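Chemist: Quick one: the structure is below, questions incoming.
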Amino acid sequence: MRLSKNSYHYLLMLIPGLALLAVFSIAPMFGIIMAFQHFNPGKGMWHSPLVGFENFSYMFHNQASWQAIRNTLIISISKMVTGLIVPVVFALFLNEVRHMFFKRVVQTIVYLPHFLSWVIIAGIIKDILGANGLINVMLGHLGVHDPILFLGSNTWFRPILVVTDVWKEFGFSAIVYLAALTNINPSLYEAADIDGATRMQKIRYISLPGITTTVILLATLSLQGVLNAGFDQVFNLYNPVVEPTGDIIDTYVYRIGFEQVNYELGTAVGLFKSVISLLLIATAYKLASKFAGYRIF
Amino acid sequence: MIASIRKKKSKSAFDYMVYLLMLIVMLLSIAPMLHTLSVSLSAQAKAEAGLVSIFPRDITFQSYVSIFKDAAFFKAAWVSVERVVYTTAGSFLVTLLLAFPLSRDTRQFPLRNPFMWLLIFCMLFSGGLVPFYMIVNDLGLFDKMAALVLPGIVNVYNTILVINFFRSIPRELEESAGIDGANPWQMLFHIFLPLSMPVLATVSLFTIVGTWNEYLNGLLFIRDPGMMPLQTYLQSIFIQIDPSRMTSQEIIEASLVSNKTLNAAKIILSLVPIIAIYPFLQRYFIHGIMMGSVKE
């Protein structure tokens, strides 16, 4: 292969970006060697003794790993389902608002939580759900006099994760559906008017079918996140009491890696997740390009 | 637009239901933030007793006055500001330089595809948190601004957005510049850069918000309290007040010393930069999400 003179300019341009990727993305990929080591701080990550699959076998014999995998699946699938339905329903009804200014005000406000960090939102949620927080005070007025410790309850923790996640993201997720709704041919609605269709019938038989392709596409793409149950959210909201229902793979990796300082096991669990995620991503993209002609690049 | 094409009709019961539903949704979206704002502006006794809902009680600016004497808060905020400036500037330049060669076709740049696949692989696969931590440790970046800035500079997803935008620029423009003898650097900075401001604004806003909100690198790599970014600092405060970690006796004790109004004021101040750029976010982010998510 002969490179043109311009190619050397192009290579030069790539250097800063590739150097950063080499250090912060690619070098850690080689660091997965730690998953097969017995880590020795004196020898470091490149020279510690190899132990084969011992860390993985430990991981699969460990109750806490299975608990984290189970919680991850339950939480992320619950989020995927609600995170699909709520934005679609919201977009369908917002699309019925004829008053443009009102519509824009609604959009401006519901997008806002998407831009706030989980640190901040967790701070707010802990305050609102606390023993003397807004929710318990309101429950007190309704006659519930023993405050409920929502974030310390294995009954409440998962529903809280799902609800707060939907609360934060539904407005932003609706953007795609709202755009799809504006692409529906207006003459369909006019024809329905002539046939005397009600508003609900028009939503049911024109708007909803009009965005079905988009809904299916986004549902397919969301498959790739099955192992991402939301580290930032869980990490900032959970505590040892709710580990049985709330500990997910990512928080589990953080704890074994940085609190128990078991680097090799943390790497092994992380690698297990990365590999399965890669397979899920490949599957999701394959399906999306097959059924909807979707391409990211 | 469609609404205006449709025939104007008088408001039906259905319309009122929709408006009511949207008002409720809007209130639910904003209520937690309004509550926090109200707590931050209320007298401490009222807030601790749980008497503040959506409106402040016994308005006072006491908590904001206290924060202005709190050096740790402002130090952390300053670290975050510095970090956002460095990361955004660095990311702007590096993304530009990465995207341009990769937007060429294989005839112009025969190595384009292997590098593109490398980039995609870096986006889809990760070595995990622990090896990442070890590498940063090996490099001796702990407690340095570099640990907060460098890992955030290259974002493959943003780079792909810029590549796609570059590819949509008409071929004739670069061909005429090529005839005039422009080299790739001149082509990038004199033709592609000025034409790409909308997409560059979009990815820069992504970077600003992402960097401002990032707390984990601060938690992993910063031990010196004077180098902590704001979100990490706030995270350390909220962990301490977690009511579900405590017994009921501890909760009662903590509520005597905890500072609900002060924490609320810190949350509100940390939102100021996001609110300040929110009008721009609205304009560009939505554009960005449409560029990235649904393409035929």
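Chain labels follow the order of the structure tokens: the first chain is A, the next B, and so on; residue numbering restarts at 1 in every chain, and ligands are counted from 1 in their shown order.
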Mind checking which residues fall within 8 Å of segment 66-76 of chain A, counting only C-alpha atoms, ignoring those fewer than 4 positions away in the same chain, and posting them as a PyMOL selection string?
Modeler: chain A and resi 60+62+80+158+161-162+225-230+244-249+252
Chemist: Please provide the set of residues having any atom within 8 Å of segment 146-150 of chain A, restricted to only C-alpha atoms, with same-chain residues fewer than 4 positions apart removed, written as an MDAnalysis selection string.
Modeler: (chainID A and resid 129:132 136 139:140 156:157) or (chainID B and resid 243:244)
Chemist: Within 6 Å of segment 106-110 of chain B, counting only C-alpha atoms, which residues show up once you throw out same-chain ones fewer than 2 positions away? Write them as number ranges by chain, please.
Modeler: A: 7; B: 104, 112
Chemist: Hey, what's within 10 Å of Leu219 of chain B if we count only C-alpha atoms and toss same-chain stuff fewer than 4 positions away? As a list in words, please?
Modeler: Glu214, Tyr215, Arg223, Met228, Pro229, Gln231, Thr232, Tyr233, Gln235 and Ser236 of chain B
Chemist: Which residue gives the smallest distance to chain B among A:Pro209, A:Pro87, A:Gly123, A:Gly196, with only C-alpha atoms counted?
Modeler: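 Using only C-alpha atoms, chain B sits closest to A:Gly123.
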Chemist: Using only C-alpha atoms, which protein or nucleic acid residues come within 8 Å of Ile109 of chain A? Drop anything in the same chain fewer than 2 positions from it, and give the result as a list in words.
Modeler: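 Listed by chain and then number, they are Val105, Val106, Gln107, Tyr111 and Leu112 of chain A; Met26, Ser29 and Ile30 of chain B.
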